[in-house]
$ cat upload.csv   # CSV, C-alpha atoms and all ligand atoms
chain,number,residue,atom,x,y,z
A,1,MET,CA,16.2,-75.9,-9.5
A,2,THR,CA,17.8,-79.3,-10.3
A,3,THR,CA,21.3,-80.5,-10.2
A,4,ASP,CA,21.0,-83.9,-12.0
A,5,GLN,CA,22.7,-83.6,-15.4
A,6,SER,CA,19.7,-85.3,-17.1
A,7,GLU,CA,17.4,-82.5,-15.8
A,8,VAL,CA,19.7,-79.5,-16.0
A,9,GLY,CA,18.1,-76.1,-16.3
A,10,TYR,CA,15.2,-74.2,-14.9
A,11,THR,CA,11.8,-75.8,-14.8
A,12,PHE,CA,8.8,-74.3,-16.6
A,13,ASP,CA,7.5,-73.1,-13.2
A,14,ASP,CA,10.9,-71.6,-12.3
A,15,ILE,CA,10.9,-69.5,-15.5
A,16,ASN,CA,7.3,-68.3,-15.0
A,17,SER,CA,8.0,-67.4,-11.4
A,18,ILE,CA,11.1,-65.4,-12.5
A,19,ALA,CA,9.1,-63.6,-15.2
A,20,LYS,CA,6.3,-62.8,-12.7
A,21,ASP,CA,8.8,-61.3,-10.2
A,22,VAL,CA,10.4,-59.2,-12.9
A,23,LEU,CA,7.1,-57.9,-14.2
A,24,GLN,CA,6.3,-56.7,-10.8
A,25,LYS,CA,9.2,-54.2,-11.1
A,26,THR,CA,7.9,-52.5,-14.2
A,27,GLN,CA,4.7,-51.0,-15.6
A,28,HIS,CA,5.5,-52.2,-19.1
A,29,ARG,CA,4.4,-55.4,-20.8
A,30,PRO,CA,6.9,-56.0,-23.6
A,31,THR,CA,6.1,-57.7,-26.9
A,32,ILE,CA,9.6,-57.4,-28.4
A,33,GLY,CA,12.9,-58.5,-26.7
A,34,ILE,CA,16.3,-57.2,-27.7
A,35,ILE,CA,19.6,-58.7,-26.7
A,36,CYS,CA,22.4,-56.2,-27.1
A,37,GLY,CA,25.8,-57.4,-28.2
A,38,SER,CA,29.3,-56.2,-27.0
A,39,GLY,CA,29.4,-52.4,-26.9
A,40,LEU,CA,25.9,-52.3,-28.6
A,41,GLY,CA,23.8,-51.5,-25.5
A,42,GLY,CA,23.4,-47.8,-26.4
A,43,LEU,CA,20.0,-48.6,-27.9
A,44,ALA,CA,18.7,-48.8,-24.3
A,45,ASP,CA,19.4,-45.0,-23.9
A,46,LYS,CA,16.8,-44.4,-26.7
A,47,VAL,CA,14.0,-46.1,-24.8
A,48,ASP,CA,11.1,-43.8,-23.6
A,49,GLN,CA,9.6,-44.1,-20.1
A,50,PRO,CA,12.4,-46.6,-19.1
A,51,ASP,CA,12.1,-48.9,-16.1
A,52,VAL,CA,15.5,-50.5,-15.3
A,53,VAL,CA,15.9,-53.8,-13.5
A,54,HIS,CA,19.4,-54.8,-12.6
A,55,TYR,CA,20.3,-58.5,-13.0
A,56,HIS,CA,21.3,-58.7,-9.4
A,57,GLU,CA,17.8,-57.8,-8.4
A,58,ILE,CA,16.4,-60.8,-10.2
A,59,LYS,CA,16.6,-64.1,-8.3
A,60,GLU,CA,18.4,-66.8,-10.3
A,61,PHE,CA,19.6,-64.4,-13.0
A,62,PRO,CA,23.3,-64.8,-13.9
A,63,VAL,CA,25.8,-61.9,-13.6
A,64,ALA,CA,27.2,-60.3,-16.8
A,65,THR,CA,31.0,-60.3,-16.4
A,66,VAL,CA,32.2,-59.0,-19.7
A,67,GLN,CA,33.2,-55.4,-20.4
A,68,GLY,CA,30.6,-53.8,-22.7
A,69,HIS,CA,27.8,-55.7,-21.1
A,70,GLU,CA,26.2,-53.7,-18.2
A,71,GLY,CA,23.9,-56.3,-16.6
A,72,LYS,CA,20.4,-54.7,-16.7
A,73,LEU,CA,17.0,-55.1,-18.3
A,74,VAL,CA,15.6,-51.9,-19.7
A,75,PHE,CA,11.8,-51.8,-20.3
A,76,GLY,CA,10.1,-49.1,-22.1
A,77,LYS,CA,8.8,-47.7,-25.4
A,78,LEU,CA,10.8,-47.7,-28.7
A,79,GLU,CA,9.1,-46.5,-31.9
A,80,GLY,CA,5.7,-46.9,-30.1
A,81,LYS,CA,6.3,-50.5,-29.3
A,82,THR,CA,6.8,-51.9,-25.8
A,83,VAL,CA,10.2,-53.5,-25.5
A,84,VAL,CA,12.6,-55.1,-23.1
A,85,LEU,CA,16.3,-54.8,-23.8
A,86,MET,CA,19.0,-57.0,-22.3
A,87,ARG,CA,21.9,-54.6,-21.8
A,88,GLY,CA,24.3,-57.3,-21.2
A,89,ARG,CA,24.2,-61.0,-22.2
A,90,PHE,CA,25.8,-64.2,-21.0
A,91,HIS,CA,28.4,-66.1,-22.8
A,92,TYR,CA,29.4,-69.7,-22.5
A,93,TYR,CA,33.1,-68.7,-22.0
A,94,GLU,CA,32.1,-66.9,-18.8
A,95,GLY,CA,31.7,-70.3,-17.4
A,96,TYR,CA,27.9,-70.5,-17.6
A,97,PRO,CA,26.3,-73.7,-19.0
A,98,MET,CA,24.5,-73.2,-22.3
A,99,TRP,CA,21.1,-73.5,-20.7
A,100,LYS,CA,21.9,-70.6,-18.4
A,101,VAL,CA,23.3,-68.5,-21.2
A,102,ALA,CA,19.9,-68.6,-23.0
A,103,MET,CA,17.6,-68.7,-20.0
A,104,PRO,CA,16.7,-65.0,-20.3
A,105,VAL,CA,15.1,-65.8,-23.6
A,106,ARG,CA,12.6,-68.1,-21.9
A,107,VAL,CA,12.0,-65.5,-19.2
A,108,MET,CA,11.3,-62.8,-21.9
A,109,LYS,CA,8.9,-65.3,-23.7
A,110,ALA,CA,7.1,-65.8,-20.3
A,111,MET,CA,6.9,-62.1,-19.9
A,112,GLY,CA,4.9,-61.9,-23.2
A,113,ILE,CA,7.3,-61.2,-26.1
A,114,SER,CA,6.6,-62.6,-29.5
A,115,THR,CA,9.7,-61.3,-31.4
A,116,LEU,CA,13.4,-61.5,-30.4
A,117,ILE,CA,16.1,-59.3,-31.9
A,118,VAL,CA,19.7,-60.3,-31.2
A,119,THR,CA,22.7,-58.2,-32.0
A,120,ASN,CA,26.3,-59.1,-31.7
A,121,ALA,CA,29.9,-58.0,-32.5
A,122,ALA,CA,31.5,-60.5,-34.9
A,123,GLY,CA,34.6,-61.1,-36.9
A,124,GLY,CA,34.4,-61.1,-40.7
A,125,LEU,CA,35.4,-64.3,-42.4
A,126,ASN,CA,34.0,-63.4,-45.9
A,127,PRO,CA,36.9,-61.6,-47.6
A,128,GLU,CA,34.4,-59.3,-49.3
A,129,PHE,CA,33.3,-57.9,-45.9
A,130,ASN,CA,34.9,-54.8,-44.3
A,131,THR,CA,35.2,-53.7,-40.7
A,132,GLY,CA,32.1,-51.7,-39.8
A,133,ASP,CA,29.7,-53.7,-42.1
A,134,LEU,CA,26.3,-54.8,-40.8
A,135,MET,CA,25.5,-58.4,-41.5
A,136,ILE,CA,21.9,-59.6,-41.3
A,137,LEU,CA,21.9,-63.3,-40.1
A,138,ARG,CA,20.4,-65.4,-42.8
A,139,ASP,CA,21.4,-68.6,-40.9
A,140,HIS,CA,23.8,-69.8,-38.3
A,141,ILE,CA,26.1,-72.7,-37.7
A,142,ASP,CA,25.8,-74.0,-34.1
A,143,LEU,CA,29.4,-75.3,-33.7
A,144,PRO,CA,29.0,-76.0,-30.0
A,145,GLY,CA,25.7,-77.8,-30.8
A,146,LEU,CA,27.3,-79.9,-33.5
A,147,THR,CA,30.0,-81.0,-31.0
A,148,GLY,CA,27.6,-82.0,-28.2
A,149,GLU,CA,26.9,-78.7,-26.4
A,150,CYS,CA,23.5,-77.8,-27.9
A,151,VAL,CA,21.6,-75.4,-25.6
A,152,LEU,CA,18.6,-77.8,-25.6
A,153,ILE,CA,20.5,-80.8,-24.2
A,154,GLY,CA,18.8,-82.1,-21.0
A,155,ARG,CA,15.3,-83.2,-20.2
A,156,ASN,CA,12.7,-81.4,-22.5
A,157,ASP,CA,9.5,-79.9,-21.2
A,158,GLU,CA,7.1,-79.8,-24.1
A,159,ARG,CA,5.6,-76.6,-22.6
A,160,PHE,CA,8.8,-74.9,-23.8
A,161,GLY,CA,8.8,-76.6,-27.2
A,162,PRO,CA,9.3,-79.9,-28.9
A,163,ARG,CA,12.0,-82.5,-28.1
A,164,PHE,CA,13.3,-82.4,-31.7
A,165,PRO,CA,12.8,-78.9,-33.0
A,166,ALA,CA,13.3,-77.8,-36.6
A,167,THR,CA,15.9,-75.0,-36.9
A,168,VAL,CA,15.2,-74.3,-40.6
A,169,GLY,CA,13.7,-70.8,-40.8
A,170,THR,CA,15.1,-69.7,-37.4
A,171,TYR,CA,15.6,-66.1,-38.8
A,172,ASP,CA,12.3,-64.7,-39.9
A,173,ASP,CA,12.0,-64.1,-43.6
A,174,GLN,CA,9.6,-61.2,-43.3
A,175,LEU,CA,11.9,-59.4,-40.7
A,176,ILE,CA,14.9,-59.9,-43.0
A,177,LYS,CA,13.0,-58.4,-45.9
A,178,GLN,CA,11.8,-55.4,-43.9
A,179,ALA,CA,15.3,-54.8,-42.5
A,180,LYS,CA,16.9,-54.8,-45.9
A,181,ALA,CA,14.3,-52.3,-47.2
A,182,ILE,CA,14.9,-50.1,-44.2
A,183,ALA,CA,18.7,-50.3,-44.7
A,184,GLN,CA,18.3,-49.1,-48.3
A,185,GLU,CA,16.1,-46.2,-47.2
A,186,LEU,CA,18.7,-45.2,-44.6
A,187,GLY,CA,21.5,-45.3,-47.2
A,188,TYR,CA,23.2,-48.3,-45.6
A,189,GLY,CA,23.2,-50.3,-48.8
A,190,PRO,CA,27.0,-50.2,-49.3
A,191,VAL,CA,27.7,-51.6,-45.8
A,192,LEU,CA,24.8,-54.0,-45.6
A,193,ARG,CA,25.5,-57.8,-45.8
A,194,GLU,CA,23.6,-60.9,-45.3
A,195,GLY,CA,25.2,-64.1,-44.3
A,196,VAL,CA,25.9,-67.1,-42.0
A,197,TYR,CA,27.1,-66.6,-38.4
A,198,ILE,CA,29.1,-69.3,-36.8
A,199,MET,CA,29.4,-69.5,-33.0
A,200,ILE,CA,32.6,-70.6,-31.4
A,201,GLY,CA,32.9,-71.2,-27.6
A,202,GLY,CA,35.6,-68.6,-27.1
A,203,PRO,CA,37.1,-66.8,-25.3
A,204,THR,CA,40.1,-67.3,-27.6
A,205,PHE,CA,39.8,-65.5,-31.0
A,206,GLU,CA,40.4,-67.8,-34.0
A,207,THR,CA,43.8,-68.8,-35.3
A,208,VAL,CA,44.5,-68.3,-39.0
A,209,ALA,CA,43.9,-72.1,-39.5
A,210,GLU,CA,40.6,-72.0,-37.6
A,211,SER,CA,39.4,-68.9,-39.6
A,212,ARG,CA,40.2,-70.8,-42.8
A,213,LEU,CA,38.3,-73.8,-41.6
A,214,LEU,CA,35.2,-71.7,-40.5
A,215,ARG,CA,35.2,-69.9,-43.9
A,216,ASN,CA,35.4,-73.2,-45.7
A,217,TRP,CA,32.5,-74.4,-43.7
A,218,GLY,CA,30.4,-71.6,-45.2
A,219,ALA,CA,30.5,-69.0,-42.5
A,220,ASP,CA,30.6,-65.3,-43.2
A,221,ALA,CA,31.1,-64.1,-39.7
A,222,VAL,CA,32.2,-65.6,-36.4
A,223,GLY,CA,31.3,-64.8,-32.8
A,224,MET,CA,30.8,-66.2,-29.3
A,225,SER,CA,27.1,-65.7,-28.7
A,226,THR,CA,23.7,-65.5,-30.3
A,227,VAL,CA,23.2,-69.1,-31.5
A,228,PRO,CA,22.0,-70.5,-28.1
A,229,GLU,CA,19.6,-67.6,-27.7
A,230,ALA,CA,18.2,-68.0,-31.3
A,231,VAL,CA,17.9,-71.8,-30.9
A,232,VAL,CA,15.9,-71.4,-27.6
A,233,ALA,CA,13.8,-68.6,-29.1
A,234,LYS,CA,12.9,-70.7,-32.2
A,235,HIS,CA,12.2,-73.7,-29.9
A,236,CYS,CA,9.6,-71.7,-27.9
A,237,GLY,CA,8.0,-70.2,-31.0
A,238,LEU,CA,9.5,-66.7,-31.1
A,239,LYS,CA,10.2,-64.8,-34.4
A,240,VAL,CA,13.9,-64.0,-34.5
A,241,PHE,CA,15.9,-61.3,-36.2
A,242,GLY,CA,19.7,-61.3,-35.9
A,243,ILE,CA,22.3,-58.8,-36.9
A,244,SER,CA,26.1,-58.6,-36.5
A,245,LEU,CA,28.3,-55.6,-36.5
A,246,ILE,CA,31.6,-56.7,-38.2
A,247,THR,CA,34.1,-55.3,-35.7
A,248,ASP,CA,37.2,-56.9,-37.2
A,249,MET,CA,38.3,-59.0,-40.1
A,250,CYS,CA,39.6,-62.5,-39.3
A,251,SER,CA,43.0,-63.3,-40.7
A,252,LEU,CA,42.9,-65.9,-43.5
A,253,SER,CA,46.5,-65.5,-44.4
A,254,TYR,CA,49.8,-65.6,-42.4
A,255,ASP,CA,51.0,-62.6,-44.4
A,256,ALA,CA,48.3,-60.3,-43.1
A,257,VAL,CA,47.7,-61.2,-39.5
A,258,ASN,CA,45.3,-59.0,-37.5
A,259,ALA,CA,45.4,-59.9,-33.8
A,260,THR,CA,41.9,-59.0,-32.7
A,261,THR,CA,41.4,-57.6,-29.2
A,262,HIS,CA,38.2,-57.0,-27.3
A,263,GLU,CA,39.2,-53.3,-27.0
A,264,GLU,CA,39.2,-53.1,-30.8
A,265,VAL,CA,35.8,-54.8,-30.9
A,266,LEU,CA,34.4,-52.2,-28.5
A,267,LYS,CA,36.0,-49.3,-30.3
A,268,ILE,CA,34.4,-50.2,-33.6
A,269,GLY,CA,31.2,-50.8,-31.7
A,270,GLN,CA,31.3,-47.3,-30.4
A,271,LYS,CA,32.0,-45.9,-33.9
A,272,ARG,CA,29.3,-47.8,-35.7
A,273,ALA,CA,26.7,-48.6,-33.1
A,274,GLY,CA,24.6,-45.6,-34.1
A,275,ASP,CA,23.8,-47.0,-37.5
A,276,LEU,CA,22.9,-50.5,-36.1
A,277,GLN,CA,20.7,-48.9,-33.5
A,278,LYS,CA,18.9,-46.8,-36.1
A,279,LEU,CA,18.3,-49.9,-38.3
A,280,VAL,CA,17.0,-51.9,-35.3
A,281,SER,CA,14.8,-49.0,-34.1
A,282,CYS,CA,13.2,-48.6,-37.5
A,283,LEU,CA,12.6,-52.3,-37.7
A,284,ILE,CA,10.9,-52.3,-34.3
A,285,GLY,CA,8.6,-49.6,-35.6
A,286,LYS,CA,7.4,-52.0,-38.4
A,287,ILE,CA,6.9,-55.1,-36.3
A,288,GLN,CA,3.2,-56.0,-35.9
A,289,ASP,CA,2.4,-57.0,-32.3
B,301,LIG,O1,28.2,-60.5,-27.0
B,301,LIG,P1,28.8,-60.4,-28.3
B,301,LIG,O2,28.7,-61.7,-29.1
B,301,LIG,O3,28.5,-59.2,-29.1
B,301,LIG,O4,30.4,-60.3,-28.0
B,301,LIG,C1,31.5,-60.5,-28.9
B,301,LIG,C2,32.0,-61.9,-28.7
B,301,LIG,C3,32.8,-61.8,-27.5
B,301,LIG,O5,32.0,-61.9,-26.3
B,301,LIG,C4,33.4,-60.5,-27.5
B,301,LIG,C5,34.8,-60.5,-28.2
B,301,LIG,O6,35.3,-59.2,-28.3
B,301,LIG,O7,32.5,-59.7,-28.4
B,302,LIG,O1,36.8,-62.1,-34.6
B,302,LIG,C1,36.0,-62.5,-33.7
B,302,LIG,N1,35.9,-63.7,-33.4
B,302,LIG,C2,35.0,-64.2,-32.5
B,302,LIG,N2,34.2,-63.3,-31.8
B,302,LIG,C3,34.3,-62.1,-32.1
B,302,LIG,N3,33.6,-61.0,-31.7
B,302,LIG,C4,34.0,-59.9,-32.3
B,302,LIG,N4,35.0,-60.2,-33.2
B,302,LIG,C5,35.2,-61.6,-33.1
$ encode --input "upload.csv" --output "structure tokens"
Amino acid sequence: MTTDQSEVGYTFDDINSIAKDVLQKTQHRPTIGIICGSGLGGLADKVDQPDVVHYHEIKEFPVATVQGHEGKLVFGKLEGKTVVLMRGRFHYYEGYPMWKVAMPVRVMKAMGISTLIVTNAAGGLNPEFNTGDLMILRDHIDLPGLTGECVLIGRNDERFGPRFPATVGTYDDQLIKQAKAIAQELGYGPVLREGVYIMIGGPTFETVAESRLLRNWGADAVGMSTVPEAVVAKHCGLKVFGISLITDMCSLSYDAVNATTHEEVLKIGQKRAGDLQKLVSCLIGKIQD
């Protein structure tokens, strides 16, 4: 582990050693990784033959501090595929540096995954959206990255990926197409959306003026996660699929102010998580290893 700012992060050897240690605690060898958003960890309960590894059992793993994020890895079978779920993710606003927020993605890659599915709770900015909608991520805006907090800042080890990675095509076209078809089959057409997710640092929710700004920048939904994980995943060659549960609508007008709370986010999560889980499970069933 290094402390010099020019070399921040875990080395390639650190990551491989963490992955090796974790794999000793499970019989499973996952090919698909899933990061569960706030209140969306229930998918882990659907896993067959589960092996649970708590984050505190893993050396160098951060601690999940946010309500709705339990802090454990769940290995097992879903729809016949071997998966690892992160039931609890790390957020920048918890005080972790970006590279630490996304470090589990590199660990999952070192454990053998080739596809990463990321879910999150997000606020709707597109006025055509409704609370409870499911939005497939077509693209993202890395607001922290644009302002100098890109997750890949620091010395680059080419064994992880290139120094200047392309981010076009981060979200896999084929997975998007498959997810849309599944959503139609499941009858989710009326609540299914596709759009652009923007990450803010948090933990404050947006002001009305900020929501207007983010909307004008082309974002359909706003959240406080996902982007560093997706950037690191693309950097190391993983296929990525992202989906947001719209848990609240951001206020674009001072006449109709909705003061979002985390409790509200979790409540909508509880109500709608089942549909999101069903969609993600069916998608997992279609992924070619
Ligand atoms: O982990 P996610 O992105 O689902 O969590 C969202 C963003 C904040 O962490 C929290 C706000 O309620 O939910
Ligand atoms: O409105 C929101 N803003 C940012 N993050 C969020 N996560 C859930 N809802 C929101």
$ closest_residue --input "upload.csv" --among "A:Ile176, A:Leu238, A:Leu276, A:Met199" --to "ligand LIG 302 (chain B)" --atoms "all atoms listed in the file"
A:Met199
$ residues_near_ligand --input "upload.csv" --ligand "ligand LIG 301 (chain B)" --cutoff "10 Å" --atoms "all atoms listed in the file" --output "PyMOL selection string"
chain A and resi 35-41+66-69+88-94+118-123+199-205+222-227+243-248+260-266+269
$ closest_residue --input "upload.csv" --among "A:Ala209, A:Ile153, A:Leu78, A:Cys236" --to "Val107 of chain A" --atoms "all atoms listed in the file"
A:Cys236
$ residues_near_point --input "upload.csv" --point "(14.3, -51.9, -44.3)" --cutoff "12 Å" --atoms "only C-alpha atoms" --output "ChimeraX atom specification"
/A:136,174-189,192,276,278-287
$ closest_residue --input "upload.csv" --among "A:Arg87, A:Glu70, A:Pro228, A:Asp289" --to "Pro30 of chain A" --atoms "all atoms listed in the file"
A:Asp289
$ atom_distance --input "upload.csv" --atom1 "atom CA of Val240 of chain A" --atom2 "atom CA of Arg212 of chain A"
28.4 Å
$ closest_residue --input "upload.csv" --among "A:Gly154, A:Ala110, A:Leu213, A:Val231" --to "Gly169 of chain A" --atoms "only C-alpha atoms"
A:Val231
$ atom_distance --input "upload.csv" --atom1 "atom CA of Gly76 of chain A" --atom2 "atom CA of Gln49 of chain A"
5.4 Å
$ axis_aligned_box --input "upload.csv" --around "segment 20-29 of chain A" --padding-each-side "8 Å" --output "AutoDock Vina command-line options"
--center_x 7.4 --center_y -56.9 --center_z -15.5 --size_x 22.0 --size_y 27.8 --size_z 26.6
$ closest_residue --input "upload.csv" --among "A:Asp173, A:Glu229, A:Glu206, A:Asp275" --to "ligand LIG 302 (chain B)" --atoms "all atoms listed in the file"
A:Glu206
$ residues_around --input "upload.csv" --residues "Lys239 of chain A" --least-positions-apart "3" --cutoff "9 Å" --atoms "all atoms listed in the file" --output "ChimeraX atom specification"
/A:114-117,170-172,175,233-234
$ residues_around --input "upload.csv" --residues "segment 8-23 of chain A" --least-positions-apart "3" --cutoff "12 Å" --atoms "all atoms listed in the file" --output "NGL selection string"
:A and (1-5 or 26-30 or 51-61 or 72-75 or 84 or 96-113 or 151-161 or 236)
$ residues_around --input "upload.csv" --residues "segment 137-141 of chain A" --least-positions-apart "6" --cutoff "6 Å" --atoms "all atoms listed in the file" --output "ChimeraX atom specification"
/A:194-198,242-243
$ write_last_selection --input "upload.csv" --atoms "C-alpha atoms" --output "short mmCIF file (atom, residue, chain, number, x, y, z; two decimals), in the frame of the given file"
data_model
loop_
_atom_site.label_atom_id
_atom_site.label_comp_id
_atom_site.auth_asym_id
_atom_site.auth_seq_id
_atom_site.Cartn_x
_atom_site.Cartn_y
_atom_site.Cartn_z
CA GLU A 194 23.60 -60.90 -45.30
CA GLY A 195 25.20 -64.10 -44.30
CA VAL A 196 25.90 -67.10 -42.00
CA TYR A 197 27.10 -66.60 -38.40
CA ILE A 198 29.10 -69.30 -36.80
CA GLY A 242 19.70 -61.30 -35.90
CA ILE A 243 22.30 -58.80 -36.90
#
$ closest_residue --input "upload.csv" --among "A:Met86, A:Leu252, A:Lys25, A:Gln288" --to "ligand LIG 302 (chain B)" --atoms "all atoms listed in the file"
A:Leu252
$ atom_distance --input "upload.csv" --atom1 "atom CA of Pro62 of chain A" --atom2 "atom CA of Thr147 of chain A"
24.5 Å
